[in-house]
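K.L.:
What follows is my_file-v1.txt; its format and atoms are compact mmCIF, C-alpha atoms.
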```
# COMPACT_ATOMS: atom_id res chain seq x y z
CA MET Q 21 43.64 25.72 -15.72
CA TRP Q 22 40.81 23.33 -16.61
CA LEU Q 23 42.46 20.61 -14.54
CA ARG Q 24 42.51 22.93 -11.51
CA ILE Q 25 38.86 23.83 -12.05
CA HIS Q 26 37.97 20.14 -12.28
CA GLN Q 27 39.89 19.33 -9.11
CA ARG Q 28 38.31 22.23 -7.26
CA CYS Q 29 34.80 21.23 -8.33
CA SER Q 30 35.51 17.62 -7.32
CA CYS Q 31 36.64 18.76 -3.89
CA ILE Q 32 33.48 20.86 -3.46
CA VAL Q 33 31.22 17.96 -4.47
CA HIS Q 34 33.11 15.60 -2.14
CA ASP Q 35 32.81 18.04 0.78
CA ILE Q 36 29.07 18.49 0.21
CA PHE Q 37 28.62 14.72 -0.02
CA ARG Q 38 30.50 14.17 3.24
CA VAL Q 39 28.44 16.84 4.99
CA LEU Q 40 25.31 14.84 4.17
CA VAL Q 41 26.89 11.36 4.30
CA PRO Q 42 29.64 11.22 6.95
CA GLN Q 43 32.24 8.46 7.13
CA PRO Q 44 31.02 5.46 9.15
CA HIS Q 45 33.19 6.32 12.15
CA GLU Q 46 31.81 9.87 12.22
CA ARG Q 47 28.14 8.89 12.43
CA ILE Q 48 26.06 9.36 15.57
CA PRO Q 49 24.86 6.21 17.40
CA ILE Q 50 21.08 6.17 17.71
CA SER Q 51 19.47 6.38 21.14
CA SER Q 52 15.93 7.01 22.36
CA PHE Q 53 16.78 10.71 22.40
CA HIS Q 54 16.99 10.69 18.59
CA VAL Q 55 13.49 9.36 17.83
CA LEU Q 56 12.13 12.79 16.93
CA TYR Q 57 15.16 13.46 14.74
CA LEU Q 58 14.39 10.30 12.75
CA LEU Q 59 10.73 11.23 12.33
CA PHE Q 60 11.32 14.86 11.34
CA PRO Q 61 12.25 14.29 7.62
CA ILE Q 62 8.70 13.07 7.01
CA VAL Q 63 7.30 16.51 7.87
CA PRO Q 64 8.77 18.50 4.94
CA LEU Q 65 7.85 15.63 2.58
CA ILE Q 66 4.21 15.86 3.69
CA TYR Q 67 4.33 19.61 3.09
CA MET Q 68 5.73 18.95 -0.40
CA GLY Q 69 2.85 16.55 -0.99
CA TYR Q 70 0.42 19.24 0.13
CA LEU Q 71 1.95 21.76 -2.29
CA ALA Q 72 1.86 19.22 -5.13
CA ARG Q 73 -1.91 19.06 -4.64
CA ARG Q 74 -2.30 22.82 -4.86
CA PRO Q 75 -2.18 24.93 -8.05
CA ASP Q 76 0.46 27.57 -8.73
CA THR Q 77 3.04 26.12 -6.35
CA PHE Q 78 5.66 25.04 -8.90
CA THR Q 79 8.27 27.66 -7.96
CA LEU Q 80 7.81 27.06 -4.25
CA ARG Q 81 8.23 23.29 -4.72
CA LEU Q 82 11.46 23.78 -6.65
CA LEU Q 83 12.83 26.05 -3.93
CA LEU Q 84 11.83 23.60 -1.21
CA LEU Q 85 13.30 20.53 -2.95
CA PRO Q 86 16.97 20.93 -1.84
CA LEU Q 87 15.87 21.31 1.77
CA VAL Q 88 13.70 18.18 1.74
CA VAL Q 89 16.45 16.08 0.14
CA ALA Q 90 19.17 17.46 2.42
CA VAL Q 91 17.11 16.83 5.55
CA ALA Q 92 16.29 13.24 4.54
CA ILE Q 93 19.78 12.24 3.40
CA GLY Q 94 21.54 14.21 6.12
CA THR Q 95 19.42 12.65 8.85
CA TYR Q 96 19.25 9.00 7.90
CA PHE Q 97 22.87 8.73 6.74
CA ARG Q 98 24.12 10.57 9.84
CA PHE Q 99 22.51 8.51 12.60
CA VAL Q 100 23.58 4.89 12.86
CA TRP Q 101 22.48 1.74 14.65
CA ALA Q 102 25.74 0.88 16.38
CA GLU Q 103 25.04 -2.74 17.39
CA PRO Q 104 26.36 -5.11 14.68
CA HIS Q 105 23.16 -7.20 14.56
CA LEU Q 106 21.14 -3.98 14.02
CA ASN Q 107 23.27 -2.85 11.07
CA ILE Q 108 20.53 -3.98 8.68
CA TYR Q 109 18.38 -1.11 9.98
CA ASN Q 110 20.99 1.35 8.70
CA CYS Q 111 20.36 -0.02 5.23
CA GLY Q 112 16.61 0.23 5.70
CA GLN Q 113 16.55 3.82 6.94
CA CYS Q 114 18.86 4.97 4.15
CA LEU Q 115 16.67 3.31 1.53
CA PHE Q 116 13.84 5.27 3.14
CA ALA Q 117 15.87 8.47 2.75
CA GLU Q 118 16.32 7.73 -0.94
CA ALA Q 119 12.60 7.05 -1.33
CA ILE Q 120 11.78 10.39 0.35
CA SER Q 121 14.22 12.16 -1.97
CA ALA Q 122 12.69 10.54 -5.06
CA LYS Q 123 9.19 11.48 -3.91
CA ALA Q 124 10.25 15.09 -3.33
CA MET Q 125 11.88 15.28 -6.78
CA ASP Q 126 8.75 13.85 -8.38
CA PHE Q 127 6.58 16.40 -6.58
CA ALA Q 128 8.90 19.27 -7.52
CA TRP Q 129 9.49 18.81 -11.24
CA ARG Q 130 5.86 18.41 -12.33
CA LYS Q 131 4.76 21.95 -13.12
CA GLU Q 132 1.06 21.12 -12.93
CA GLY Q 133 1.45 19.21 -9.65
CA MET Q 134 0.34 15.65 -8.91
CA LEU Q 135 -2.89 14.96 -10.77
CA LYS Q 136 -5.36 12.14 -10.49
CA ILE Q 137 -6.52 10.49 -13.68
CA ASP Q 138 -9.75 12.51 -13.89
CA GLU Q 139 -8.27 15.87 -12.97
CA VAL Q 140 -7.31 18.90 -15.05
CA ARG Q 141 -5.79 20.74 -12.07
CA PRO Q 142 -5.04 19.55 -8.53
CA GLY Q 143 -8.38 18.95 -6.85
CA VAL Q 144 -10.38 19.90 -9.96
CA ALA Q 145 -12.03 17.00 -11.80
CA ARG Q 146 -13.17 16.90 -15.39
CA ASN Q 147 -16.96 16.76 -15.92
CA SER Q 148 -17.29 13.49 -17.81
CA ASP Q 149 -21.00 14.07 -18.59
CA ALA Q 150 -20.23 17.40 -20.26
CA VAL Q 151 -17.58 15.77 -22.37
CA LYS Q 152 -20.00 13.12 -23.55
CA THR Q 153 -22.72 15.61 -24.54
CA ASN Q 154 -20.85 18.41 -26.21
CA GLY Q 155 -17.17 17.51 -26.17
CA ASP Q 156 -16.38 20.45 -23.89
CA ALA Q 157 -14.44 19.65 -20.74
CA HIS Q 158 -15.90 21.66 -17.87
CA PRO Q 159 -13.79 21.26 -14.75
CA LYS Q 160 -15.52 20.98 -11.42
CA SER Q 161 -14.02 21.36 -7.97
CA VAL Q 162 -13.70 18.27 -5.85
CA SER Q 163 -15.78 18.76 -2.70
CA LEU Q 164 -14.09 18.21 0.64
CA ASP Q 165 -15.70 16.82 3.73
CA SER Q 166 -17.11 19.87 5.48
CA ALA Q 167 -17.04 18.05 8.81
CA SER Q 168 -13.27 18.13 8.94
CA PRO Q 169 -11.95 20.95 6.73
CA ALA Q 170 -8.93 21.40 8.98
CA LEU Q 171 -7.76 17.85 8.22
CA ALA Q 172 -8.64 17.90 4.52
CA TRP Q 173 -5.21 19.27 3.58
CA LEU Q 174 -3.47 16.53 5.58
CA TYR Q 175 -5.51 13.80 3.94
CA ASP Q 176 -4.77 15.31 0.53
CA ALA Q 177 -1.03 15.35 1.24
CA LEU Q 178 -0.84 11.86 2.76
CA GLU Q 179 -2.85 10.40 -0.12
CA VAL Q 180 -0.20 11.36 -2.67
CA VAL Q 181 2.75 10.69 -0.34
CA ILE Q 182 1.81 7.06 0.35
CA SER Q 183 0.80 6.31 -3.24
CA ASN Q 184 3.77 4.41 -4.66
CA ARG Q 185 2.28 2.52 -7.59
CA GLY Q 186 0.19 5.51 -8.62
CA LEU Q 187 -3.13 3.67 -8.79
CA GLY Q 188 -5.69 6.30 -9.76
CA TRP Q 189 -2.99 8.90 -10.49
CA LYS Q 190 -1.67 10.10 -13.83
CA PHE Q 191 1.89 9.10 -12.92
CA GLY Q 192 0.68 5.52 -12.52
CA VAL Q 193 -1.05 5.23 -15.91
CA GLY Q 194 -0.01 2.01 -17.64
CA ILE Q 195 1.17 0.20 -14.53
CA HIS Q 196 0.26 -3.46 -14.28
CA VAL Q 197 -2.33 -4.26 -11.62
CA PRO Q 198 -2.31 -7.97 -10.62
CA HIS Q 199 -5.60 -9.85 -10.83
CA GLU Q 200 -7.42 -9.95 -7.51
CA GLU Q 201 -7.97 -13.54 -6.37
CA ARG Q 202 -9.57 -12.64 -3.04
CA SER Q 203 -13.26 -11.96 -2.54
CA LEU Q 204 -13.99 -8.23 -2.29
CA ASP Q 205 -16.50 -8.84 0.47
CA ARG Q 206 -14.94 -6.98 3.40
CA ASN Q 207 -14.88 -9.82 5.93
CA SER Q 208 -13.77 -12.44 3.41
CA PHE Q 209 -11.12 -10.09 2.08
CA LEU Q 210 -9.73 -9.41 5.57
CA PHE Q 211 -9.65 -13.11 6.40
CA ALA Q 212 -7.84 -13.99 3.16
CA THR Q 213 -5.34 -11.18 3.73
CA LEU Q 214 -4.73 -12.35 7.29
CA ILE Q 215 -3.99 -15.87 6.00
CA SER Q 216 -1.59 -14.36 3.44
CA PHE Q 217 0.09 -12.34 6.21
CA ILE Q 218 0.64 -15.45 8.34
CA LYS Q 219 1.90 -17.45 5.35
CA ASN Q 220 4.40 -14.78 4.34
CA TYR Q 221 5.58 -14.38 7.92
CA LEU Q 222 6.25 -18.11 8.23
CA ILE Q 223 8.04 -18.23 4.86
CA PHE Q 224 10.19 -15.21 5.71
CA ASP Q 225 11.04 -16.59 9.14
CA LEU Q 226 11.93 -20.05 7.80
CA LEU Q 227 14.22 -18.81 5.02
CA GLU Q 228 15.85 -16.10 7.13
CA SER Q 229 16.53 -18.63 9.90
CA LEU Q 230 18.11 -21.08 7.46
CA ILE Q 231 20.35 -18.35 6.00
CA LYS Q 232 21.56 -17.59 9.53
CA LEU Q 233 22.79 -21.19 9.84
CA VAL Q 234 25.32 -20.71 7.06
CA PRO Q 235 28.80 -20.05 8.53
CA ASP Q 236 29.88 -16.39 8.14
CA VAL Q 237 26.93 -15.58 5.87
CA GLY Q 238 24.55 -15.70 8.82
CA THR Q 239 26.65 -13.44 11.05
CA PRO Q 240 26.72 -9.62 11.32
CA HIS Q 241 30.27 -9.42 9.96
CA GLY Q 242 29.17 -11.30 6.84
CA GLY Q 243 30.81 -13.74 4.47
CA THR Q 244 30.76 -14.93 0.88
CA ILE Q 245 28.08 -17.32 -0.34
CA PHE Q 246 30.73 -19.04 -2.49
CA LYS Q 247 32.51 -21.42 -0.11
CA ALA Q 248 35.92 -22.11 -1.65
CA GLU Q 249 36.51 -25.12 0.63
CA LEU Q 250 33.53 -27.00 -0.88
CA PRO Q 251 33.72 -29.12 -4.06
CA PHE Q 252 32.54 -27.31 -7.19
CA LEU Q 253 29.01 -28.74 -7.35
CA TYR Q 254 28.37 -28.37 -3.61
CA ARG Q 255 29.75 -24.85 -3.65
CA TYR Q 256 27.37 -23.60 -6.32
CA ALA Q 257 24.45 -25.66 -5.06
CA LEU Q 258 24.86 -23.87 -1.73
CA SER Q 259 25.29 -20.42 -3.31
CA THR Q 260 22.19 -21.00 -5.47
CA ALA Q 261 20.15 -22.05 -2.43
CA ILE Q 262 21.26 -18.97 -0.49
CA HIS Q 263 20.51 -16.69 -3.44
CA VAL Q 264 17.03 -18.14 -4.01
CA ALA Q 265 16.32 -17.95 -0.28
CA THR Q 266 17.45 -14.31 -0.23
CA GLY Q 267 15.22 -13.37 -3.15
CA SER Q 268 12.29 -15.26 -1.65
CA CYS Q 269 12.85 -13.45 1.67
CA ILE Q 270 12.68 -10.09 -0.10
CA LEU Q 271 9.53 -11.16 -1.92
CA ALA Q 272 7.89 -12.43 1.28
CA ALA Q 273 8.87 -9.24 3.12
CA PHE Q 274 7.18 -7.02 0.52
CA GLU Q 275 4.01 -9.10 0.66
CA LEU Q 276 4.16 -9.28 4.47
CA PHE Q 277 4.31 -5.51 4.97
CA TYR Q 278 1.75 -4.93 2.22
CA ASP Q 279 -0.64 -7.41 3.87
CA PHE Q 280 -0.21 -5.57 7.18
CA ALA Q 281 -0.89 -2.19 5.55
CA THR Q 282 -3.92 -3.64 3.75
CA ILE Q 283 -5.45 -5.04 6.94
CA PHE Q 284 -4.83 -1.77 8.81
CA ALA Q 285 -6.33 0.39 6.05
CA VAL Q 286 -9.41 -1.76 5.44
CA LEU Q 287 -10.10 -2.61 9.09
CA PHE Q 288 -9.36 0.71 10.83
CA LEU Q 289 -9.47 3.38 8.11
CA GLY Q 290 -12.50 2.15 6.21
CA SER Q 291 -10.57 1.74 2.96
CA SER Q 292 -12.20 -0.29 0.19
CA PRO Q 293 -10.74 -3.77 -0.49
CA SER Q 294 -10.63 -2.88 -4.20
CA ALA Q 295 -8.08 -0.15 -3.38
CA TRP Q 296 -5.59 -2.81 -2.27
CA PRO Q 297 -4.84 -5.16 -5.20
CA PRO Q 298 -1.97 -7.68 -4.79
CA VAL Q 299 1.51 -6.16 -4.69
CA THR Q 300 3.11 -8.96 -6.76
CA ASP Q 301 1.85 -11.31 -9.45
CA HIS Q 302 3.51 -14.73 -8.97
CA PRO Q 303 7.06 -13.72 -10.06
CA TRP Q 304 8.32 -17.31 -10.23
CA GLN Q 305 5.83 -17.98 -13.06
CA SER Q 306 7.45 -15.39 -15.35
CA ASP Q 307 8.40 -16.67 -18.80
CA SER Q 308 10.29 -13.57 -19.96
CA LEU Q 309 12.32 -10.83 -18.32
CA HIS Q 310 9.85 -8.29 -19.67
CA ILE Q 311 6.98 -10.01 -17.88
CA PHE Q 312 9.09 -10.45 -14.74
CA TRP Q 313 10.19 -6.83 -14.33
CA SER Q 314 7.16 -5.00 -15.73
CA LYS Q 315 4.31 -7.11 -14.35
CA ARG Q 316 5.06 -9.94 -11.96
CA TRP Q 317 7.70 -8.33 -9.70
CA HIS Q 318 6.48 -5.61 -7.35
CA GLN Q 319 6.00 -2.15 -8.86
CA THR Q 320 6.12 -0.12 -5.65
CA LEU Q 321 9.43 1.57 -6.56
CA ARG Q 322 8.71 2.03 -10.25
CA GLU Q 323 8.36 5.81 -10.05
CA THR Q 324 11.42 6.02 -7.78
CA PHE Q 325 13.61 4.39 -10.43
CA PHE Q 326 12.15 6.64 -13.11
CA VAL Q 327 13.15 9.66 -11.03
CA PHE Q 328 16.66 8.39 -10.28
CA GLY Q 329 17.50 7.59 -13.89
CA GLY Q 330 14.63 6.77 -16.20
CA PHE Q 331 13.37 10.28 -16.93
CA PHE Q 332 16.92 11.58 -17.44
CA GLY Q 333 17.72 8.68 -19.75
CA ARG Q 334 14.57 9.29 -21.79
CA THR Q 335 15.57 12.94 -22.25
CA ILE Q 336 18.92 11.84 -23.68
CA ALA Q 337 18.03 8.75 -25.71
CA GLY Q 338 14.27 8.28 -25.83
CA GLN Q 339 12.82 4.88 -24.89
CA ILE Q 340 16.22 3.17 -24.94
CA GLY Q 341 17.49 5.80 -22.52
CA LEU Q 342 14.42 5.29 -20.34
CA LEU Q 343 15.16 1.55 -20.17
CA PHE Q 344 18.84 1.92 -19.30
CA GLY Q 345 18.29 4.89 -17.01
CA THR Q 346 15.59 3.11 -15.02
CA PHE Q 347 17.74 0.06 -14.29
CA ILE Q 348 20.84 2.15 -13.56
CA GLY Q 349 18.72 4.21 -11.17
CA SER Q 350 17.50 0.99 -9.56
CA GLY Q 351 21.07 -0.24 -9.11
CA LEU Q 352 22.21 3.01 -7.53
CA PHE Q 353 19.17 3.06 -5.25
CA HIS Q 354 19.93 -0.44 -3.94
CA GLU Q 355 23.67 0.13 -3.62
CA PHE Q 356 23.48 3.44 -1.76
CA GLY Q 357 21.21 1.66 0.71
CA ALA Q 358 23.78 -1.13 1.10
CA TYR Q 359 26.51 1.52 1.42
CA ALA Q 360 24.95 2.39 4.78
CA LEU Q 361 26.11 -1.00 6.08
CA GLY Q 362 29.52 0.65 6.42
CA ARG Q 363 31.46 -1.71 4.16
CA GLY Q 364 32.06 0.60 1.21
CA PHE Q 365 30.57 0.91 -2.27
CA ASP Q 366 30.37 -2.22 -4.45
CA THR Q 367 29.85 -1.78 -8.21
CA ILE Q 368 28.52 -5.35 -8.50
CA VAL Q 369 25.05 -4.24 -7.39
CA PRO Q 370 24.46 -1.44 -9.96
CA LEU Q 371 26.10 -3.61 -12.64
CA PHE Q 372 23.59 -6.41 -12.07
CA PHE Q 373 20.63 -4.06 -12.45
CA ALA Q 374 22.19 -2.24 -15.40
CA LEU Q 375 22.70 -5.62 -17.08
CA GLN Q 376 18.93 -6.13 -17.18
CA ALA Q 377 18.56 -3.44 -19.86
CA PRO Q 378 20.66 -5.18 -22.58
CA LEU Q 379 19.10 -8.52 -21.60
CA LEU Q 380 15.66 -7.03 -22.20
CA LEU Q 381 16.87 -5.68 -25.54
CA CYS Q 382 17.95 -9.22 -26.42
CA GLU Q 383 14.35 -10.33 -25.90
CA LYS Q 384 13.17 -7.54 -28.20
CA VAL Q 385 15.67 -8.54 -30.90
CA TRP Q 386 14.60 -12.19 -30.59
CA CYS Q 387 10.96 -11.20 -31.07
CA LYS Q 388 11.81 -8.99 -34.07
CA TYR Q 389 13.78 -11.63 -35.97
CA THR Q 390 11.80 -14.76 -35.05
CA GLY Q 391 8.31 -13.30 -34.90
CA HIS Q 392 7.75 -14.90 -31.51
CA ARG Q 393 8.12 -13.33 -28.12
CA VAL Q 394 10.19 -15.02 -25.45
CA GLY Q 395 7.89 -17.35 -23.53
CA GLY Q 396 6.98 -20.89 -22.58
CA LEU Q 397 9.32 -23.34 -20.89
CA TYR Q 398 12.46 -21.96 -22.54
CA GLY Q 399 11.42 -18.43 -21.63
CA ARG Q 400 11.07 -19.46 -18.00
CA LEU Q 401 14.49 -21.11 -18.05
CA TRP Q 402 15.88 -17.90 -19.56
CA VAL Q 403 14.39 -15.87 -16.68
CA TYR Q 404 15.79 -18.30 -14.11
CA PHE Q 405 19.23 -18.07 -15.74
CA CYS Q 406 19.22 -14.26 -15.73
CA ILE Q 407 17.89 -13.92 -12.19
CA ILE Q 408 19.13 -17.00 -10.35
CA ILE Q 409 22.50 -17.62 -12.04
CA LEU Q 410 23.58 -14.12 -13.09
CA GLY Q 411 22.13 -12.63 -9.90
CA GLN Q 412 24.27 -14.59 -7.44
CA PRO Q 413 27.05 -11.96 -7.27
CA LEU Q 414 24.34 -9.52 -6.16
CA SER Q 415 23.41 -11.66 -3.14
CA ASP Q 416 27.09 -12.32 -2.47
CA SER Q 417 27.76 -8.56 -2.32
CA TRP Q 418 24.99 -8.06 0.22
CA HIS Q 419 25.90 -11.05 2.38
CA ARG Q 420 29.62 -10.18 2.42
CA ARG Q 421 28.55 -6.95 4.09
CA GLY Q 422 26.45 -8.66 6.76
CA LEU Q 423 22.91 -8.59 5.34
CA GLY Q 424 22.13 -12.15 6.44
CA GLY Q 425 23.27 -11.53 10.02
CA GLY Q 426 20.89 -8.68 10.73
CA LEU Q 427 18.13 -8.98 13.31
CA MET Q 428 15.01 -9.25 11.18
CA VAL Q 429 12.85 -11.59 13.27
CA PRO Q 430 13.65 -11.69 17.01
CA PRO Q 431 14.39 -15.28 18.08
CA SER Q 432 11.53 -15.18 20.58
CA LEU Q 433 9.09 -14.46 17.72
CA SER Q 434 10.57 -17.02 15.34
CA PRO Q 435 8.62 -20.30 15.05
CA THR Q 436 11.52 -21.80 13.09
CA ARG Q 437 14.11 -21.09 15.77
CA GLN Q 438 11.75 -21.83 18.66
CA PHE Q 439 10.25 -25.09 17.39
CA ILE Q 440 11.37 -26.41 13.98
CA ILE Q 441 15.17 -26.30 14.35
CA PRO Q 442 15.16 -27.58 17.97
CA SER Q 443 12.77 -30.38 16.98
CA ILE Q 444 15.05 -31.52 14.15
CA ARG Q 445 18.09 -31.36 16.40
CA HIS Q 446 16.31 -33.33 19.10
CA SER Q 447 14.99 -36.01 16.74
CA THR Q 448 18.28 -36.50 14.86
CA GLY Q 449 20.64 -35.98 17.77
CA THR Q 450 22.85 -33.74 15.65
CA ASP Q 451 22.94 -30.22 14.19
CA ILE Q 452 21.70 -31.58 10.89
CA LEU Q 453 20.84 -28.19 9.39
CA GLU Q 454 24.29 -26.78 10.04
CA PHE Q 455 25.73 -29.95 8.58
CA ILE Q 456 23.66 -29.59 5.39
CA VAL Q 457 24.58 -25.97 4.68
CA GLY Q 458 27.98 -25.72 6.26
CA SER Q 459 29.73 -29.07 5.87
CA THR Q 460 32.93 -29.27 3.92
```
The structure in this file should be written as structure tokens.
P.N.:
Amino acid sequence: MWLRIHQRCSCIVHDIFRVLVPQPHERIPISSFHVLYLLFPIVPLIYMGYLARRPDTFTLRLLLLPLVVAVAIGTYFRFVWAEPHLNIYNCGQCLFAEAISAKAMDFAWRKEGMLKIDEVRPGVARNSDAVKTNGDAHPKSVSLDSASPALAWLYDALEVVISNRGLGWKFGVGIHVPHEERSLDRNSFLFATLISFIKNYLIFDLLESLIKLVPDVGTPHGGTIFKAELPFLYRYALSTAIHVATGSCILAAFELFYDFATIFAVLFLGSSPSAWPPVTDHPWQSDSLHIFWSKRWHQTLRETFFVFGGFFGRTIAGQIGLLFGTFIGSGLFHEFGAYALGRGFDTIVPLFFALQAPLLLCEKVWCKYTGHRVGGLYGRLWVYFCIIILGQPLSDSWHRRGLGGGLMVPPSLSPTRQFIIPSIRHSTGTDILEFIVGST
């Protein structure tokens, strides 16, 4: 009897999953006709953000949550970029669907709504002067711009929707904010950010172009980074180079898009430069995994990983559960995005992220029994071992499914492919770059 119940429940769950996430061959190729379909899931999320900034909306948010998640997942996992070199966009849009779902869950489960640091209720700030004089917290309503009351609700909703790190919000309390090295003078800040944008674009283009030179790895059908035909040292030197280039590409991409958003917000929306601190904090300088993951790596998806596993883990096993749940949630987030590439589910990806939790516990045990935290030169080597050596199967999983062959920078907009590679070929008279990365 129980076996039949289990089988029946499994069938129901599978059917629901396949309604939202069809098999690759059942997905709908994207055309210009589908643009509005792809934009629509943002609308219910904005409405959820609006409700999260209004009191007494807890029940309504809970009722709306399944719809928001179903629309996001059902839309972005149903429509597919059919051209092989555009397959990378399938991964991107499905990661976006997961991010929308996490945002909606975060908005729904907080009974009080999404509060800023100085608020006692959505839109109602605490009177700090009253607290100082008599210890009594007298809330005061936050005044809205009377010139545009019709748009005030939209601004309120978008403000919480686009806030990923939670700067100025209660859900972001305790997050590391990298030190600002740019001048906060508006013109100087914009110029420095523009230089950073150009630098990150050139780095991303160079590394992505070099990855595309590697046989199989740089093609849409994909291939392993571990070339069995190469001698042992050459094989792992090549795989290490590809892995480091992949990680550096991801890092440059985050900074590139963040620089673009910063310039747009400060230049056209009148945002303050102080509202846009750096998104990363020199990750390659980390001397412990704790510093790497909690401070120096980007924190834009921190709340997302809490929602997908951290909060649940904390409910079960306290801080240890929070640690394991967060990294398991991170692994599932990344792998379900890669699942959209149409090459199946690979447990290597969630295993790599889940492995970070016991590795971080090892650092805690080391500190407890030696009295010294992990740091210095040996700490940096430890980080490089955990990320660069142990992380290579992660990059291999992605590249075997065609990540490196996706169209990220069009050749016509690639300085590396337009000038650098042709110049080297012309000056050497041979395809020297292909020889370096692909010779046997």
K.L.:
Could you name the residues that touch Leu379 of chain Q at 12 Å or less, counting all atoms listed in the file, but leaving out those on the same chain fewer than 4 positions away, as an MDAnalysis selection string?
P.N.:
chainID Q and resid 308:310 313 343:344 347 372:375 383:386 394 402:403 405:407 410
K.L.:
So which one's closest to Pro298 of chain Q, Q:Phe277, Q:Phe246, Q:Phe312, Q:Phe331? Using only C-alpha atoms, please.
P.N.:
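Under the stated criterion, the closest residue is Q:Phe277.
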K.L.:
Could you tell me which of Q:Lys247, Q:Lys315, Q:Arg421, Q:Arg334 comes closest to Asp366 of chain Q if we count all atoms listed in the file?
P.N.:
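Once distances to Asp366 of chain Q are computed over all atoms listed in the file, the minimum belongs to Q:Arg421.
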K.L.:
Please measure the separation of atom CA of Trp317 of chain Q and atom CA of Thr300 of chain Q, giving the value in Å to one decimal.
P.N.:
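For atom CA of Trp317 of chain Q relative to atom CA of Thr300 of chain Q, the distance reads 5.5 Å.
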K.L.:
Between atom CA of Ile368 of chain Q and atom CA of Val234 of chain Q, what is the distance, to one decimal in Å?
P.N.:
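So the two atoms, atom CA of Ile368 of chain Q and atom CA of Val234 of chain Q, lie 22.1 Å apart.
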K.L.:
May I have the residues within 12 Å of segment 41-53 of chain Q as an NGL selection string, using only C-alpha atoms and disregarding those fewer than 2 positions away in the same chain?
P.N.:
:Q and (33-39 or 55-59 or 90-104 or 106-107 or 109-110 or 113-114 or 117 or 356-357 or 359-364)
K.L.:
Could you work out how far atom CA of Gly238 of chain Q lies from atom CA of His419 of chain Q, giving the answer in Å with one decimal?
P.N.:
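Taking atom CA of His419 of chain Q and atom CA of Gly238 of chain Q, their separation equals 8.1 Å.
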K.L.:
Show which residues sit within 12 Å of Gly345 of chain Q, as a ChimeraX atom specification. Count only C-alpha atoms, and ignore same-chain residues fewer than 3 positions away.
P.N.:
/Q:324-342,348-353,370,373-378
K.L.:
Please save C-alpha atoms of the selected residues as a PDB file, in the frame of the given file.
P.N.:
```pdb
ATOM      1  CA  THR Q 324      11.420   6.020  -7.780  1.00  0.00           C
ATOM      2  CA  PHE Q 325      13.610   4.390 -10.430  1.00  0.00           C
ATOM      3  CA  PHE Q 326      12.150   6.640 -13.110  1.00  0.00           C
ATOM      4  CA  VAL Q 327      13.150   9.660 -11.030  1.00  0.00           C
ATOM      5  CA  PHE Q 328      16.660   8.390 -10.280  1.00  0.00           C
ATOM      6  CA  GLY Q 329      17.500   7.590 -13.890  1.00  0.00           C
ATOM      7  CA  GLY Q 330      14.630   6.770 -16.200  1.00  0.00           C
ATOM      8  CA  PHE Q 331      13.370  10.280 -16.930  1.00  0.00           C
ATOM      9  CA  PHE Q 332      16.920  11.580 -17.440  1.00  0.00           C
ATOM     10  CA  GLY Q 333      17.720   8.680 -19.750  1.00  0.00           C
ATOM     11  CA  ARG Q 334      14.570   9.290 -21.790  1.00  0.00           C
ATOM     12  CA  THR Q 335      15.570  12.940 -22.250  1.00  0.00           C
ATOM     13  CA  ILE Q 336      18.920  11.840 -23.680  1.00  0.00           C
ATOM     14  CA  ALA Q 337      18.030   8.750 -25.710  1.00  0.00           C
ATOM     15  CA  GLY Q 338      14.270   8.280 -25.830  1.00  0.00           C
ATOM     16  CA  GLN Q 339      12.820   4.880 -24.890  1.00  0.00           C
ATOM     17  CA  ILE Q 340      16.220   3.170 -24.940  1.00  0.00           C
ATOM     18  CA  GLY Q 341      17.490   5.800 -22.520  1.00  0.00           C
ATOM     19  CA  LEU Q 342      14.420   5.290 -20.340  1.00  0.00           C
ATOM     20  CA  ILE Q 348      20.840   2.150 -13.560  1.00  0.00           C
ATOM     21  CA  GLY Q 349      18.720   4.210 -11.170  1.00  0.00           C
ATOM     22  CA  SER Q 350      17.500   0.990  -9.560  1.00  0.00           C
ATOM     23  CA  GLY Q 351      21.070  -0.240  -9.110  1.00  0.00           C
ATOM     24  CA  LEU Q 352      22.210   3.010  -7.530  1.00  0.00           C
ATOM     25  CA  PHE Q 353      19.170   3.060  -5.250  1.00  0.00           C
ATOM     26  CA  PRO Q 370      24.460  -1.440  -9.960  1.00  0.00           C
ATOM     27  CA  PHE Q 373      20.630  -4.060 -12.450  1.00  0.00           C
ATOM     28  CA  ALA Q 374      22.190  -2.240 -15.400  1.00  0.00           C
ATOM     29  CA  LEU Q 375      22.700  -5.620 -17.080  1.00  0.00           C
ATOM     30  CA  GLN Q 376      18.930  -6.130 -17.180  1.00  0.00           C
ATOM     31  CA  ALA Q 377      18.560  -3.440 -19.860  1.00  0.00           C
ATOM     32  CA  PRO Q 378      20.660  -5.180 -22.580  1.00  0.00           C
TER      33      PRO Q 378
END
```
K.L.:
Given 8 Å of margin on each side, can you work out the centre and size in Å (one decimal) of an axis-aligned box holding every listed atom of segment 48-61 of chain Q, as JSON?
P.N.:
```
{"center_x": 18.4, "center_y": 10.5, "center_z": 15.0, "size_x": 31.3, "size_y": 24.7, "size_z": 30.8}
```
K.L.:
Extract, using only C-alpha atoms, all DNA, RNA and protein residues at most 8 Å from segment 209-226 of chain Q, discarding same-chain residues fewer than 5 positions from it, and format them as a ChimeraX atom specification.
P.N.:
/Q:202-204,268-269,272-273,275-276,279-280,282-283,286-287,293,429,434-436
K.L.:
Using all atoms listed in the file, which residue out of Q:Phe78, Q:Trp129, Q:Phe288, Q:Tyr398 lies closest to Asp307 of chain Q?
P.N.:
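Checking each of Q:Phe78, Q:Trp129, Q:Phe288, Q:Tyr398 against Asp307 of chain Q, counting all atoms listed in the file, the winner is Q:Tyr398.
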